[in-house]
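Asks: Below is upload.txt; it holds compact mmCIF, C-alpha atoms.
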```
# COMPACT_ATOMS: atom_id res chain seq x y z
CA MET A 50 2.00 -141.13 -91.19
CA GLY A 51 4.32 -141.72 -94.09
CA ALA A 52 4.01 -143.70 -97.30
CA GLU A 53 2.38 -147.10 -97.28
CA GLY A 54 1.04 -146.51 -93.76
CA ALA A 55 4.51 -146.48 -92.16
CA TYR A 56 5.05 -144.46 -89.02
CA PRO A 57 7.99 -142.04 -88.94
CA PRO A 58 10.85 -143.39 -86.83
CA LEU A 59 11.82 -141.73 -83.58
CA GLU A 60 15.48 -141.38 -82.65
CA TRP A 61 16.40 -140.59 -79.06
CA PHE A 62 19.47 -139.57 -77.10
CA GLY A 63 19.95 -139.28 -73.32
CA HIS A 64 22.79 -138.00 -71.16
CA THR A 65 23.34 -136.88 -67.55
CA ASP A 66 26.17 -135.32 -65.54
CA ARG A 67 26.41 -134.47 -61.85
CA GLY A 68 28.04 -131.11 -62.67
CA ARG A 69 31.01 -129.38 -61.05
CA VAL A 70 29.57 -128.74 -57.57
CA ARG A 71 27.23 -131.55 -56.45
CA LYS A 72 28.73 -134.72 -54.95
CA ASN A 73 25.96 -136.95 -56.24
CA ASN A 74 23.52 -136.97 -59.15
CA GLU A 75 19.87 -136.54 -58.10
CA ASP A 76 18.62 -136.58 -61.71
CA SER A 77 17.16 -139.61 -63.45
CA PHE A 78 15.99 -140.22 -67.00
CA LEU A 79 14.04 -143.00 -68.63
CA GLY A 80 13.14 -144.46 -72.02
CA LEU A 81 10.46 -147.15 -72.37
CA ALA A 82 8.59 -149.04 -75.06
CA ILE A 83 5.12 -149.87 -73.76
CA ASP A 84 2.03 -151.81 -74.73
CA ALA A 85 -0.86 -153.32 -72.77
CA ARG A 86 1.30 -156.23 -71.58
CA GLU A 87 4.64 -154.80 -70.52
CA ALA A 88 7.13 -151.97 -70.44
CA ARG A 89 10.60 -152.54 -71.92
CA PHE A 90 13.58 -150.35 -71.11
CA LEU A 91 15.22 -148.51 -73.97
CA GLY A 92 18.90 -147.65 -74.17
CA LYS A 93 20.34 -144.16 -73.80
CA ILE A 94 20.54 -143.95 -77.59
CA GLY A 95 18.29 -145.71 -80.08
CA SER A 96 15.58 -145.55 -82.72
CA SER A 97 12.17 -147.13 -83.26
CA ASP A 98 8.69 -146.28 -84.43
CA CYS A 99 5.29 -146.55 -82.76
CA SER A 100 3.90 -149.30 -84.98
CA HIS A 101 4.06 -151.98 -82.25
CA ALA A 102 4.52 -150.06 -79.01
CA ASP A 103 4.24 -146.52 -77.71
CA LEU A 104 7.45 -144.83 -76.55
CA ILE A 105 7.87 -143.03 -73.23
CA PHE A 106 10.63 -140.61 -72.25
CA ALA A 107 10.96 -138.86 -68.91
CA VAL A 108 13.36 -136.83 -66.79
CA SER A 109 13.14 -136.25 -63.04
CA ASP A 110 15.10 -134.07 -60.63
CA GLY A 111 15.06 -135.23 -57.02
CA MET A 112 15.28 -133.13 -53.88
CA GLY A 113 15.85 -133.87 -50.22
CA GLY A 114 18.60 -134.31 -47.65
CA ALA A 115 21.47 -136.78 -47.91
CA MET A 116 20.63 -139.31 -50.66
CA ALA A 117 16.85 -138.70 -50.51
CA GLY A 118 16.79 -136.62 -53.70
CA GLU A 119 18.57 -139.30 -55.69
CA PHE A 120 16.18 -141.89 -54.26
CA ALA A 121 13.12 -139.73 -55.04
CA SER A 122 13.89 -139.24 -58.73
CA ARG A 123 14.65 -142.95 -59.08
CA ILE A 124 11.30 -143.86 -57.50
CA ALA A 125 9.53 -141.51 -59.88
CA VAL A 126 10.88 -143.14 -63.02
CA GLU A 127 10.68 -146.72 -61.70
CA LYS A 128 7.04 -146.23 -60.71
CA ILE A 129 6.32 -145.35 -64.34
CA THR A 130 7.47 -148.78 -65.52
CA ARG A 131 5.05 -150.56 -63.17
CA MET A 132 2.03 -148.32 -63.64
CA LEU A 133 1.95 -147.57 -67.34
CA PRO A 134 1.08 -151.01 -68.81
CA PRO A 135 -2.22 -151.31 -66.86
CA LEU A 136 -2.98 -147.63 -67.48
CA PHE A 137 -2.30 -148.17 -71.18
CA LYS A 138 -4.77 -151.06 -71.18
CA GLN A 139 -7.28 -148.99 -69.20
CA ALA A 140 -7.10 -146.32 -71.92
CA ALA A 141 -8.26 -148.89 -74.51
CA GLY A 142 -4.83 -149.43 -76.02
CA GLY A 143 -3.85 -145.80 -76.38
CA LEU A 144 -4.09 -142.30 -75.01
CA SER A 145 -6.00 -140.43 -77.69
CA ALA A 146 -9.19 -140.29 -75.62
CA GLY A 147 -7.85 -140.72 -72.12
CA PHE A 148 -4.54 -138.94 -71.59
CA GLU A 149 -6.18 -136.23 -69.46
CA ASP A 150 -7.17 -138.96 -66.98
CA VAL A 151 -4.28 -141.41 -67.31
CA LEU A 152 -1.38 -138.99 -66.83
CA PRO A 153 -2.78 -137.26 -63.71
CA GLU A 154 -3.43 -140.69 -62.17
CA LEU A 155 0.18 -141.68 -62.83
CA PHE A 156 1.50 -138.49 -61.24
CA SER A 157 -0.83 -138.88 -58.27
CA GLU A 158 0.37 -142.42 -57.54
CA ILE A 159 4.03 -141.37 -57.67
CA HIS A 160 3.21 -138.47 -55.36
CA LYS A 161 1.54 -140.80 -52.85
CA SER A 162 4.54 -143.15 -52.89
CA LEU A 163 6.97 -140.34 -52.15
CA LEU A 164 4.80 -138.97 -49.34
CA TYR A 165 4.46 -142.44 -47.81
CA LEU A 166 8.19 -143.13 -47.85
CA GLY A 167 8.86 -139.64 -46.54
CA SER A 168 6.57 -140.29 -43.58
CA CYS A 169 8.04 -143.73 -42.83
CA TYR A 170 11.76 -143.00 -42.90
CA GLU A 171 13.39 -140.03 -41.25
CA GLU A 172 16.15 -139.87 -43.84
CA CYS A 173 13.48 -139.54 -46.56
CA SER A 174 11.47 -136.82 -44.82
CA GLY A 175 10.56 -134.02 -47.23
CA MET A 176 11.95 -135.77 -50.29
CA GLY A 177 10.36 -134.90 -53.59
CA ALA A 178 10.91 -134.84 -57.34
CA THR A 179 10.03 -133.02 -60.52
CA LEU A 180 8.76 -135.08 -63.44
CA SER A 181 8.50 -134.22 -67.13
CA LEU A 182 7.18 -137.05 -69.30
CA CYS A 183 6.51 -137.41 -73.04
CA TRP A 184 4.36 -140.28 -74.35
CA PHE A 185 4.68 -140.87 -78.10
CA SER A 186 1.93 -142.74 -79.95
CA PRO A 187 1.37 -142.70 -83.73
CA GLY A 188 1.21 -139.04 -84.75
CA TRP A 189 0.82 -137.59 -81.25
CA MET A 190 2.98 -136.74 -78.27
CA TYR A 191 1.14 -136.49 -74.93
CA PHE A 192 2.95 -134.89 -72.02
CA GLY A 193 2.63 -134.56 -68.27
CA HIS A 194 4.70 -132.22 -66.14
CA ILE A 195 5.22 -130.91 -62.63
CA GLY A 196 8.14 -128.92 -61.21
CA ASP A 197 10.85 -126.95 -63.02
CA SER A 198 12.32 -129.54 -65.37
CA ARG A 199 11.26 -128.66 -68.89
CA ILE A 200 9.81 -129.96 -72.15
CA TYR A 201 10.62 -128.07 -75.35
CA TYR A 202 9.15 -128.46 -78.83
CA LEU A 203 11.29 -127.63 -81.86
CA PRO A 204 9.06 -127.87 -84.94
CA ALA A 205 10.49 -128.84 -88.32
CA GLY A 206 9.87 -125.32 -89.61
CA GLY A 207 12.22 -123.80 -87.04
CA GLY A 208 12.04 -122.13 -83.64
CA ILE A 209 11.77 -123.44 -80.11
CA ARG A 210 8.82 -123.40 -77.71
CA GLN A 211 8.69 -124.40 -74.06
CA LEU A 212 5.63 -126.65 -73.63
CA SER A 213 5.92 -127.09 -69.87
CA HIS A 214 5.31 -124.39 -67.27
CA ASP A 215 7.92 -123.88 -64.56
CA ASP A 216 6.10 -124.41 -61.27
CA THR A 217 7.78 -121.45 -59.62
CA TYR A 218 6.67 -117.90 -58.86
CA VAL A 219 9.45 -116.68 -61.16
CA GLY A 220 8.09 -118.92 -63.90
CA TRP A 221 4.65 -117.36 -63.44
CA LEU A 222 6.16 -113.87 -63.66
CA PHE A 223 7.96 -114.81 -66.88
CA ARG A 224 4.87 -116.38 -68.50
CA ASN A 225 2.88 -113.24 -67.72
CA GLY A 226 5.44 -110.89 -69.22
CA LYS A 227 6.58 -109.38 -65.92
CA LEU A 228 10.16 -110.66 -66.35
CA ASN A 229 12.26 -111.24 -69.46
CA GLU A 230 14.30 -114.42 -69.91
CA ARG A 231 17.50 -112.85 -68.56
CA GLU A 232 15.72 -111.51 -65.46
CA ALA A 233 14.02 -114.85 -64.82
CA LYS A 234 17.32 -116.71 -65.20
CA THR A 235 19.09 -114.51 -62.63
CA HIS A 236 16.22 -114.05 -60.14
CA PRO A 237 17.25 -115.15 -56.60
CA ARG A 238 14.05 -117.20 -56.18
CA ARG A 239 14.10 -118.88 -59.58
CA ASN A 240 14.60 -122.36 -58.09
CA VAL A 241 11.96 -122.13 -55.34
CA LEU A 242 9.33 -124.69 -56.36
CA GLN A 243 5.63 -124.15 -55.76
CA ARG A 244 4.66 -127.67 -56.86
CA ALA A 245 6.44 -131.02 -57.01
CA LEU A 246 5.81 -134.70 -56.38
CA GLY A 247 6.14 -135.49 -52.68
CA ALA A 248 8.06 -132.80 -50.74
CA GLY A 249 5.13 -132.31 -48.37
CA ASN A 250 2.78 -131.03 -51.06
CA GLN A 251 -0.81 -131.88 -50.29
CA PHE A 252 -2.22 -131.97 -53.81
CA VAL A 253 -0.82 -132.76 -57.25
CA ASP A 254 -2.24 -131.07 -60.33
CA PRO A 255 0.15 -131.80 -63.21
CA GLN A 256 0.11 -129.90 -66.45
CA VAL A 257 -0.98 -132.16 -69.32
CA GLY A 258 -1.16 -131.53 -73.04
CA ALA A 259 -0.73 -132.96 -76.52
CA VAL A 260 1.19 -132.06 -79.67
CA ALA A 261 0.74 -133.54 -83.15
CA TYR A 262 4.18 -134.31 -84.54
CA GLU A 263 5.61 -134.80 -88.03
CA CYS A 264 8.91 -135.61 -89.67
CA GLY A 265 11.61 -133.14 -88.74
CA ASP A 266 10.13 -132.21 -85.37
CA ARG A 267 12.29 -132.49 -82.25
CA PHE A 268 11.54 -132.58 -78.54
CA LEU A 269 13.84 -131.83 -75.61
CA LEU A 270 13.29 -132.92 -72.02
CA CYS A 271 15.77 -131.51 -69.51
CA THR A 272 16.29 -130.75 -65.83
CA ASP A 273 16.85 -127.21 -64.62
CA GLY A 274 20.61 -127.73 -64.48
CA VAL A 275 20.71 -127.69 -68.29
CA VAL A 276 19.02 -124.29 -68.63
CA ASP A 277 20.71 -122.64 -65.65
CA GLY A 278 23.36 -121.10 -67.88
CA ILE A 279 21.90 -121.63 -71.36
CA TYR A 280 19.22 -119.47 -73.01
CA ASP A 281 16.47 -120.92 -75.21
CA ASN A 282 18.01 -119.66 -78.46
CA GLN A 283 21.31 -121.29 -77.43
CA LEU A 284 19.50 -124.59 -76.82
CA ARG A 285 18.16 -124.39 -80.35
CA ASP A 286 21.56 -123.50 -81.82
CA ILE A 287 23.25 -126.44 -80.07
CA LEU A 288 20.59 -128.84 -81.31
CA ASP A 289 20.79 -127.35 -84.82
CA SER A 290 24.55 -127.91 -84.93
CA GLY A 291 23.92 -131.58 -85.69
CA THR A 292 27.18 -132.82 -84.24
CA GLY A 293 27.33 -136.09 -82.28
CA ASN A 294 24.91 -136.95 -79.50
CA PRO A 295 22.75 -133.81 -79.09
CA ALA A 296 21.86 -134.62 -75.46
CA GLU A 297 25.52 -135.03 -74.58
CA CYS A 298 26.36 -131.76 -76.36
CA LEU A 299 23.70 -129.90 -74.36
CA VAL A 300 24.79 -131.36 -71.03
CA ARG A 301 28.45 -130.70 -71.73
CA GLU A 302 27.68 -127.05 -72.56
CA ALA A 303 25.52 -126.78 -69.42
CA VAL A 304 28.38 -127.99 -67.23
CA ILE A 305 30.77 -125.53 -68.87
CA SER A 306 28.31 -122.60 -68.66
CA SER A 307 27.23 -123.22 -65.07
CA GLY A 308 27.72 -126.70 -63.62
CA ARG A 309 26.17 -125.70 -60.30
CA ASP A 310 23.52 -128.41 -60.53
CA ASN A 311 23.08 -131.88 -62.00
CA SER A 312 22.26 -131.67 -65.71
CA THR A 313 20.18 -134.19 -67.67
CA ALA A 314 18.79 -134.04 -71.21
CA MET A 315 16.81 -136.30 -73.52
CA VAL A 316 16.38 -135.38 -77.17
CA VAL A 317 13.79 -137.08 -79.40
CA GLN A 318 13.94 -136.54 -83.17
CA VAL A 319 11.13 -137.51 -85.55
CA GLY A 320 11.96 -138.99 -88.95
```
Show me the file's structure as C-alpha cells.

Replies:
Amino acid sequence: MGAEGAYPPLEWFGHTDRGRVRKNNEDSFLGLAIDAREARFLGKIGSSDCSHADLIFAVSDGMGGAMAGEFASRIAVEKITRMLPPLFKQAAGGLSAGFEDVLPELFSEIHKSLLYLGSCYEECSGMGATLSLCWFSPGWMYFGHIGDSRIYYLPAGGGIRQLSHDDTYVGWLFRNGKLNEREAKTHPRRNVLQRALGAGNQFVDPQVGAVAYECGDRFLLCTDGVVDGIYDNQLRDILDSGTGNPAECLVREAVISSGRDNSTAMVVQVG
C-alpha cells in the first residue's frame, strides 16, 4: 500500500493470435472488475487499482474436435463472470481467508459444465480447456490453475519464476530436475495433458496459491502457444524491452518463433 493509504495501480495488456497453422483460435482471455454485486468486463488494455473492486485476469486454451475447443475455452471464461460475484460475497468480501475453497469450487463448476455439454452434444464430446486465473485484491494476487497454460511472476528486483505447474508428465520431469528446459520444450509428449477441465477427466484438483505483490512487480498469463518457441529468459527480455504493448510483443514473437498453435498473453504490471 502506498502513501496516504492508496493502492498501487495495476496496468494490463492482452493479445491473442491464431498463429500460422490453425484455422481457428481456441484460446480465450478475460479481464474483470468484481465486487459482491457484479462483474464488469475490462478492455484488452487498461489500468485501475483495487480500492473499489478486485481485478481478475484469466487465459484458457480449449481442446476438442471441430469448433468444440473454441467453445470450451469460451465457456470457461464466461462461467467465471457468473460465478465470481456470489463466491466473492461468500468469501466475506475478499479472498484472504477463503481462496483455497473459492477457487477450487469455481474450477469444479466449470469442469461440470464442460462434462455436461460434452455428454449432451456429440460435436462437443471430449471437449476440454485449460484455465490459468489471477485474482488481484489489495496487496495480494491469488491464482488458480489447471492444464499447461502458464502463470509467471516477474518480481521488481528482477528474474522470472513460473508459478503454475504444467499438468503434463514432461512438466513433472522438468520440475523434478530430470529434464532441462530445452529437453522439455522439444520432448514429443510435451503437450499431452494429464489434467484439464472437462475432456473426460473424472476429478479436478487445481493448483492454487498466493503471492504478495508490490510496485514494479509483473505477472504474465499465457497459453502454451506463447512458450512453444520462446524460453523463459527470452520472455523476460521481451517484457523488459518496454516497447509498446508487451502482450502483443510476446504473441508476435511467438508466432514468428513457432506459430504452430494459437498464442495468447496477458501482462499485468503493478505501479

Asks: Just checking: using only C-alpha atoms, which residue out of A:Ala125, A:Met132, A:Leu270, A:Met116 ends up closest to Ile159 in chain A?

Replies: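 So, comparing all the options, the nearest one is A:Ala125.
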
Asks: Mind checking which residues fall within 12 Å of Trp184 in chain A, counting only C-alpha atoms, ignoring those fewer than 5 positions away in the same chain, and posting them as a tab-separated table (two decimals) with C-alpha atoms, in the coordinates of the input?

Replies:
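Final output, selection20.tsv:
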```
chain	number	residue	atom	x	y	z
A	59	LEU	CA	11.82	-141.73	-83.58
A	79	LEU	CA	14.04	-143.00	-68.63
A	80	GLY	CA	13.14	-144.46	-72.02
A	81	LEU	CA	10.46	-147.15	-72.37
A	82	ALA	CA	8.59	-149.04	-75.06
A	83	ILE	CA	5.12	-149.87	-73.76
A	84	ASP	CA	2.03	-151.81	-74.73
A	99	CYS	CA	5.29	-146.55	-82.76
A	102	ALA	CA	4.52	-150.06	-79.01
A	103	ASP	CA	4.24	-146.52	-77.71
A	104	LEU	CA	7.45	-144.83	-76.55
A	105	ILE	CA	7.87	-143.03	-73.23
A	106	PHE	CA	10.63	-140.61	-72.25
A	107	ALA	CA	10.96	-138.86	-68.91
A	129	ILE	CA	6.32	-145.35	-64.34
A	133	LEU	CA	1.95	-147.57	-67.34
A	137	PHE	CA	-2.30	-148.17	-71.18
A	143	GLY	CA	-3.85	-145.80	-76.38
A	144	LEU	CA	-4.09	-142.30	-75.01
A	145	SER	CA	-6.00	-140.43	-77.69
A	148	PHE	CA	-4.54	-138.94	-71.59
A	151	VAL	CA	-4.28	-141.41	-67.31
A	152	LEU	CA	-1.38	-138.99	-66.83
A	189	TRP	CA	0.82	-137.59	-81.25
A	190	MET	CA	2.98	-136.74	-78.27
A	191	TYR	CA	1.14	-136.49	-74.93
A	192	PHE	CA	2.95	-134.89	-72.02
A	193	GLY	CA	2.63	-134.56	-68.27
A	194	HIS	CA	4.70	-132.22	-66.14
A	200	ILE	CA	9.81	-129.96	-72.15
A	257	VAL	CA	-0.98	-132.16	-69.32
A	258	GLY	CA	-1.16	-131.53	-73.04
A	259	ALA	CA	-0.73	-132.96	-76.52
A	260	VAL	CA	1.19	-132.06	-79.67
A	261	ALA	CA	0.74	-133.54	-83.15
A	262	TYR	CA	4.18	-134.31	-84.54
A	268	PHE	CA	11.54	-132.58	-78.54
A	270	LEU	CA	13.29	-132.92	-72.02
A	317	VAL	CA	13.79	-137.08	-79.40
```

Asks: For the contact check between range 213-238 of chain A and range 276-282 of chain A, emit one row per residue of range 213-238 of chain A within 10 Å, containing the shortest atom pair and the distance in Å rounded to one decimal, counting all atoms listed in the file, chain then rising number order, as a Markdown table.

Replies:
```
| residue | atom | partner | partner_atom | distance |
| --- | --- | --- | --- | --- |
| A:Glu230 | CA | A:Tyr280 | CA | 7.7 |
| A:Arg231 | CA | A:Tyr280 | CA | 8.2 |
| A:Lys234 | CA | A:Asp277 | CA | 6.8 |
| A:Thr235 | CA | A:Asp277 | CA | 8.8 |
```

Asks: Which residues are close to Val70 in chain A, i.e. within 9 Å by all atoms listed in the file, leaving aside same-chain residues fewer than 6 positions away? Reply as a list in words.

Replies: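 These residues fall inside the cut-off: Gly308, Arg309, Asp310 and Asn311 of chain A.
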
Asks: Those same residues - C-alpha atoms - I'd like them written as a CSV table (one decimal), in the frame of the given file.

Replies:
```csv
chain,number,residue,atom,x,y,z
A,308,GLY,CA,27.7,-126.7,-63.6
A,309,ARG,CA,26.2,-125.7,-60.3
A,310,ASP,CA,23.5,-128.4,-60.5
A,311,ASN,CA,23.1,-131.9,-62.0
```

Asks: For CA of Cys183 in chain A and CA of Arg244 in chain A, quote the distance in Å rounded to one decimal.

Replies: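 Atom-to-atom, CA of Cys183 in chain A to CA of Arg244 in chain A, that is 19.0 Å.
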
Asks: Hey, which of A:Glu149, A:Glu171, A:Asp266, A:Glu302 ends up closest to Ile287 in chain A? Count all atoms listed in the file.

Replies: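 Closest to Ile287 in chain A, using all atoms listed in the file: A:Glu302.
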
Asks: Can you work out which one of A:Val253, A:Ile94, A:Ala88, A:Leu182 has the shortest atom-to-atom distance to Thr272 in chain A, counting only C-alpha atoms?

Replies: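 The closest residue to Thr272 in chain A is A:Leu182.
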
Asks: Compile the contact shell of Gly63 in chain A as an MDAnalysis selection string: residues with an atom at most 8 Å away, counting all atoms listed in the file, same-chain residues fewer than 5 positions apart removed.

Replies: chainID A and resid 78 93:94 296:297 313:316

Asks: For the atom pair CA of Asp76 in chain A and CA of Arg224 in chain A, what is the interatomic distance in Å to one decimal place?

Replies: 25.4 Å

Asks: Counting all atoms listed in the file, figure out which residue out of A:Ala117, A:Val108, A:Leu203, A:Val319 gets nearest to Trp61 in chain A.

Replies: A:Val319

Asks: In Å, with one decimal, what is the gap from CA of Arg89 in chain A to CA of Leu155 in chain A?

Replies: 17.6 Å

Asks: Leu228 in chain A: which residues within 9 Å, counting all atoms listed in the file, same-chain residues fewer than 6 positions away excluded, as a PDB file with C-alpha atoms, in the coordinates of the input?

Replies:
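Heads up, here's the output in selection22.pdb:
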```pdb
ATOM      1  CA  VAL A 219       9.450-116.680 -61.160  1.00  0.00           C
ATOM      2  CA  GLY A 220       8.090-118.920 -63.900  1.00  0.00           C
ATOM      3  CA  LEU A 222       6.160-113.870 -63.660  1.00  0.00           C
TER       4      LEU A 222
END
```

Asks: Under the rule that only C-alpha atoms are counted, which of A:Val304, A:Cys173, A:Arg267, A:Pro58 is the nearest residue to Tyr201 in chain A?

Replies: A:Arg267
